[in-house]
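Q: Sharing a structure below in structure tokens format, with a few things to ask.
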Amino acid sequence: MTEYSRIPIIKIWHLLLVPLQGQIDDQLAEQLRQDILHKIQSTDVTGLLMDVTGLWLMDSHLCSVLSGVAAAARLMGAETLICGMSPEIALTLQAMGLELPNVGTELSLEEALSRLGVGVLERRLAYDGESSLAAPFDPWDSRLDRR
Amino acid sequence: MVSRDARHMSSPHAALANLLASFVSPIIANSIITRALRQQNLDAKNLDTADLRVLAPSLEAAVKLFVEPQHLRAFRAGLDSMLGDLPQRETVILNVKTERDLADALGATRRLCQTWRLSRLTQQKVATVVSELARNIVSYTPGGTVELIPIDSGPPGLLVRASDSGSGIPNLEEILAGRYRSKTGLGKGLLGSQRLAHRFEVRSGRGGTVIEAELRL
């Protein structure tokens with residue numbers, strides 16, 4: 001491998017998370033395609049999550065790049081989901097009649113994760129009368145044993 | 001009113017500082033200006049009134065953090081009156097030849113949209129049309145230009161005109177009728193731009209292509 005793209009590819013359990021950001025030109029798209037497919041092969045994941053929150057623009061070219069990656073990923077046994085699309089981008093794509101074949105979509109990263117089988121085991125630990133957000137997590141807390 | 005005084009100040013920078021000073025403390029006013037200048041890559045020394053229009057969105061975003069909503073409106077009014085005397089919108093010509101130019105053209109389009117205070121959806125549509133037309137030039141022709149021409153007569157609009165000296169678009173009719181299917185995605189961008197535009201016109205021949213897409217703002 002000579003050079004890695006500036007877009008990180010993060011492995012979380014059986015999934016790959018790719019937070020897309022900035023301008024994605026031809027060269028970067030090609031690099032990303034290769035990196036993602038190699039990573040799928042070497043890590044044996046079953047899902048690919050592409051987060052587009054950081055993208056300012058999605059045009060027909062980018063749509064075809066993403067669909068291409070998804071089609072190749074499916075051949076390698078990984079399902080692809082896209083999440084984090086802004087209302088402006090969604091409306092523009094719809095007005096243009098552009099579609100994302102081979103790709104599923106979810107509103108947020110959380111929903112995409114849960115569709116691919118990752119979720120929080122217990123949403124909140126029941127602390128007596130306290131907000132669970134305020135309470136720091138303590139692995140030795142005896143109350144955890146009651147689960 | 002502050003805004004009226006501000007207009008008579010000597011430099012735009014001093015006028016801006018004066019306007020801000022009546023809403024926030026001098027230190028914060030200063031840092032808001034510095035930050036906005038840095039964001040837009042402008043120099044405080046030779047700031048002219050046209051630059052204020054570029055700075056306006058950054059300034060507003062920063063001021064919003066420090067003042068109450070009712071004062072924000074007064075600040076906007078002050079800023080508007082400083083901008084009021086400026087020539088409103090000017091034609092912008094972007095040269096497009098390489099992929100790098102494409103990125104620059106999109107950056108310029110984005111700044112322009114913010115300067116003109118277009119809604120986020122309109123910004124998205126304008127930038128998408130520019131992106132599609134510019135990409136066609138980069139991918140299939142030796143080079144060309146994309147012009148952004150404001151339309152002031154009638155309802156406000158923007159004319160995006162993409163011209164190139166390539167060898168013309170084959171099967172144009174099929175593309176615009178939506179019958180064309182390609183592996184590369186070629187044609188979808190043109191069709192999509194047509195759907196986003198209020199008026200869309202393509203003149204293509206062996207000597208080159210001119211595409212005009214008119215968008216409502």
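Ordering of the structure tokens sets the chain letters (A, B, ...); residue numbers start at 1 within each chain; ligands are numbered from 1 in the order shown.
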Please find the residues of chain A near chain B - the criterion being any atom within 7 Å, counting only C-alpha atoms - and write them as a ChimeraX atom specification.
A: /A:57,59-61,64,88-89,92,95-97
Q: Report as an mmCIF file with C-alpha atoms, in the first residue's frame: the residues of stretch 8-99 of chain A with a DSSP assignment of helix (DSSP H, G or I), based on the backbone of this structure.
A:
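Final output, saved to part-v4.cif:
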```cif
data_model
loop_
_atom_site.group_PDB
_atom_site.id
_atom_site.type_symbol
_atom_site.label_atom_id
_atom_site.label_comp_id
_atom_site.auth_asym_id
_atom_site.auth_seq_id
_atom_site.Cartn_x
_atom_site.Cartn_y
_atom_site.Cartn_z
ATOM 1 C CA ASP A 26 -12.077 11.059 -8.961
ATOM 2 C CA GLN A 27 -8.719 10.154 -7.503
ATOM 3 C CA LEU A 28 -9.977 10.067 -3.938
ATOM 4 C CA ALA A 29 -13.057 8.103 -4.987
ATOM 5 C CA GLU A 30 -10.884 5.448 -6.630
ATOM 6 C CA GLN A 31 -8.577 5.295 -3.606
ATOM 7 C CA LEU A 32 -11.540 5.005 -1.265
ATOM 8 C CA ARG A 33 -13.090 2.236 -3.342
ATOM 9 C CA GLN A 34 -9.898 0.191 -3.202
ATOM 10 C CA ASP A 35 -9.246 0.838 0.477
ATOM 11 C CA ILE A 36 -12.787 -0.119 1.470
ATOM 12 C CA LEU A 37 -12.772 -3.357 -0.543
ATOM 13 C CA HIS A 38 -9.349 -4.385 0.787
ATOM 14 C CA LYS A 39 -10.497 -3.676 4.311
ATOM 15 C CA ILE A 40 -13.658 -5.729 3.813
ATOM 16 C CA GLN A 41 -11.520 -8.614 2.630
ATOM 17 C CA SER A 42 -8.950 -8.406 5.409
ATOM 18 C CA THR A 43 -11.350 -7.831 8.307
ATOM 19 C CA SER A 60 -24.785 12.408 -9.777
ATOM 20 C CA HIS A 61 -21.099 11.556 -9.925
ATOM 21 C CA LEU A 62 -20.819 10.967 -6.187
ATOM 22 C CA CYS A 63 -24.039 8.940 -6.207
ATOM 23 C CA SER A 64 -22.618 6.649 -8.855
ATOM 24 C CA VAL A 65 -19.344 6.313 -6.910
ATOM 25 C CA LEU A 66 -21.212 5.323 -3.738
ATOM 26 C CA SER A 67 -23.448 2.881 -5.607
ATOM 27 C CA GLY A 68 -20.387 1.360 -7.246
ATOM 28 C CA VAL A 69 -18.692 0.799 -3.901
ATOM 29 C CA ALA A 70 -21.914 -0.690 -2.521
ATOM 30 C CA ALA A 71 -22.305 -3.067 -5.467
ATOM 31 C CA ALA A 72 -18.733 -4.309 -5.070
ATOM 32 C CA ALA A 73 -19.142 -4.594 -1.291
ATOM 33 C CA ARG A 74 -22.262 -6.695 -1.792
ATOM 34 C CA LEU A 75 -20.301 -9.100 -3.989
ATOM 35 C CA PRO A 87 -32.843 17.510 4.108
ATOM 36 C CA GLU A 88 -31.392 19.856 1.466
ATOM 37 C CA ILE A 89 -29.376 17.074 -0.154
ATOM 38 C CA ALA A 90 -32.300 14.648 0.003
ATOM 39 C CA LEU A 91 -34.676 17.158 -1.626
ATOM 40 C CA THR A 92 -32.170 18.001 -4.344
ATOM 41 C CA LEU A 93 -31.496 14.346 -5.175
ATOM 42 C CA GLN A 94 -35.221 13.689 -5.283
ATOM 43 C CA ALA A 95 -35.845 16.687 -7.581
ATOM 44 C CA MET A 96 -33.107 15.477 -9.898
#
```
Q: Determine, counting only C-alpha atoms, which protein, DNA and RNA residues have an atom within 12 Å of an atom of B:Phe66; residues of the same chain fewer than 4 positions away are not included. Present the result as an NGL selection string.
A: :B and (20-21 or 23-25 or 28-29 or 32 or 59-62 or 70-72 or 75)
Q: DSSP on the backbone: what in stretch 32-84 of chain A comes out strand (DSSP E), as a ChimeraX atom specification?
A: /A:47-54,79-83
Q: Could you give me, as a list in words, the residues within 8 Å of A:Trp13, counting only C-alpha atoms and dropping anything in the same chain fewer than 2 positions from it?
A: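 Here the answer would be Lys11, Leu15 and Val45 of chain A.
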Q: With distances taken over only C-alpha atoms, which of B:Lys64, B:Arg161, B:Arg35, B:Arg179 is nearest to B:Val202?
A: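 Among B:Lys64, B:Arg161, B:Arg35, B:Arg179, it is B:Arg161 that comes nearest to B:Val202.
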Q: Rounded to one decimal, what separation in Å do you get between atom CA of B:Asp104 and atom CA of B:Ala134?
A: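 Answer for the atom CA of B:Asp104 to atom CA of B:Ala134 separation: 10.8 Å.
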Q: Any idea what the distance is between atom CA of A:Ala112 and atom CA of A:Ile24?
A: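 Interatomic distance, atom CA of A:Ala112 to atom CA of A:Ile24: 22.4 Å.
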Q: Which neighbours of A:Leu81 fall inside 10 Å, counting only C-alpha atoms, when residues of the same chain fewer than 5 positions from it are skipped, and could you give them as a PDB file with C-alpha atoms, in the first residue's frame?
A:
```pdb
ATOM      1  CA  LEU A  17     -17.738   2.986   9.302  1.00  0.00           C
ATOM      2  CA  GLY A  47     -21.752  -4.304   6.880  1.00  0.00           C
ATOM      3  CA  LEU A  48     -20.538  -1.013   5.450  1.00  0.00           C
ATOM      4  CA  LEU A  49     -21.806   2.253   6.881  1.00  0.00           C
ATOM      5  CA  MET A  50     -21.175   5.441   4.957  1.00  0.00           C
ATOM      6  CA  ASP A  51     -21.965   8.583   6.897  1.00  0.00           C
ATOM      7  CA  ALA A  70     -21.914  -0.690  -2.521  1.00  0.00           C
ATOM      8  CA  ASN A 102     -27.591  -1.121  -4.029  1.00  0.00           C
ATOM      9  CA  VAL A 103     -27.630   1.218  -1.051  1.00  0.00           C
ATOM     10  CA  GLY A 104     -29.966   1.312   1.927  1.00  0.00           C
ATOM     11  CA  THR A 105     -30.505   4.586   3.760  1.00  0.00           C
ATOM     12  CA  GLU A 106     -31.142   5.508   7.362  1.00  0.00           C
ATOM     13  CA  LEU A 109     -25.899   6.767  12.448  1.00  0.00           C
ATOM     14  CA  ALA A 112     -28.125   2.602  10.735  1.00  0.00           C
ATOM     15  CA  LEU A 113     -26.183   0.805  13.466  1.00  0.00           C
ATOM     16  CA  ARG A 115     -30.405  -1.934  11.479  1.00  0.00           C
ATOM     17  CA  LEU A 116     -27.050  -3.674  11.121  1.00  0.00           C
TER      18      LEU A 116
END
```
Q: Could you check how far atom CA of B:Ala105 sits from atom CA of B:Leu148, in Å to one decimal?
A: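 Computing the Euclidean distance for atom CA of B:Ala105 and atom CA of B:Leu148 yields 10.5 Å.
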Q: Excluding stretch 41-50 of chain B and residues on its chain fewer than 4 positions from it, collect all residues at most 8 Å away from it, counting only C-alpha atoms, and give them as a list in words.
A: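 Contacts, with the query itself left out: Ser11, Pro12, His13, Thr34, Leu37, Val54, Leu83 and Leu86 of chain B.
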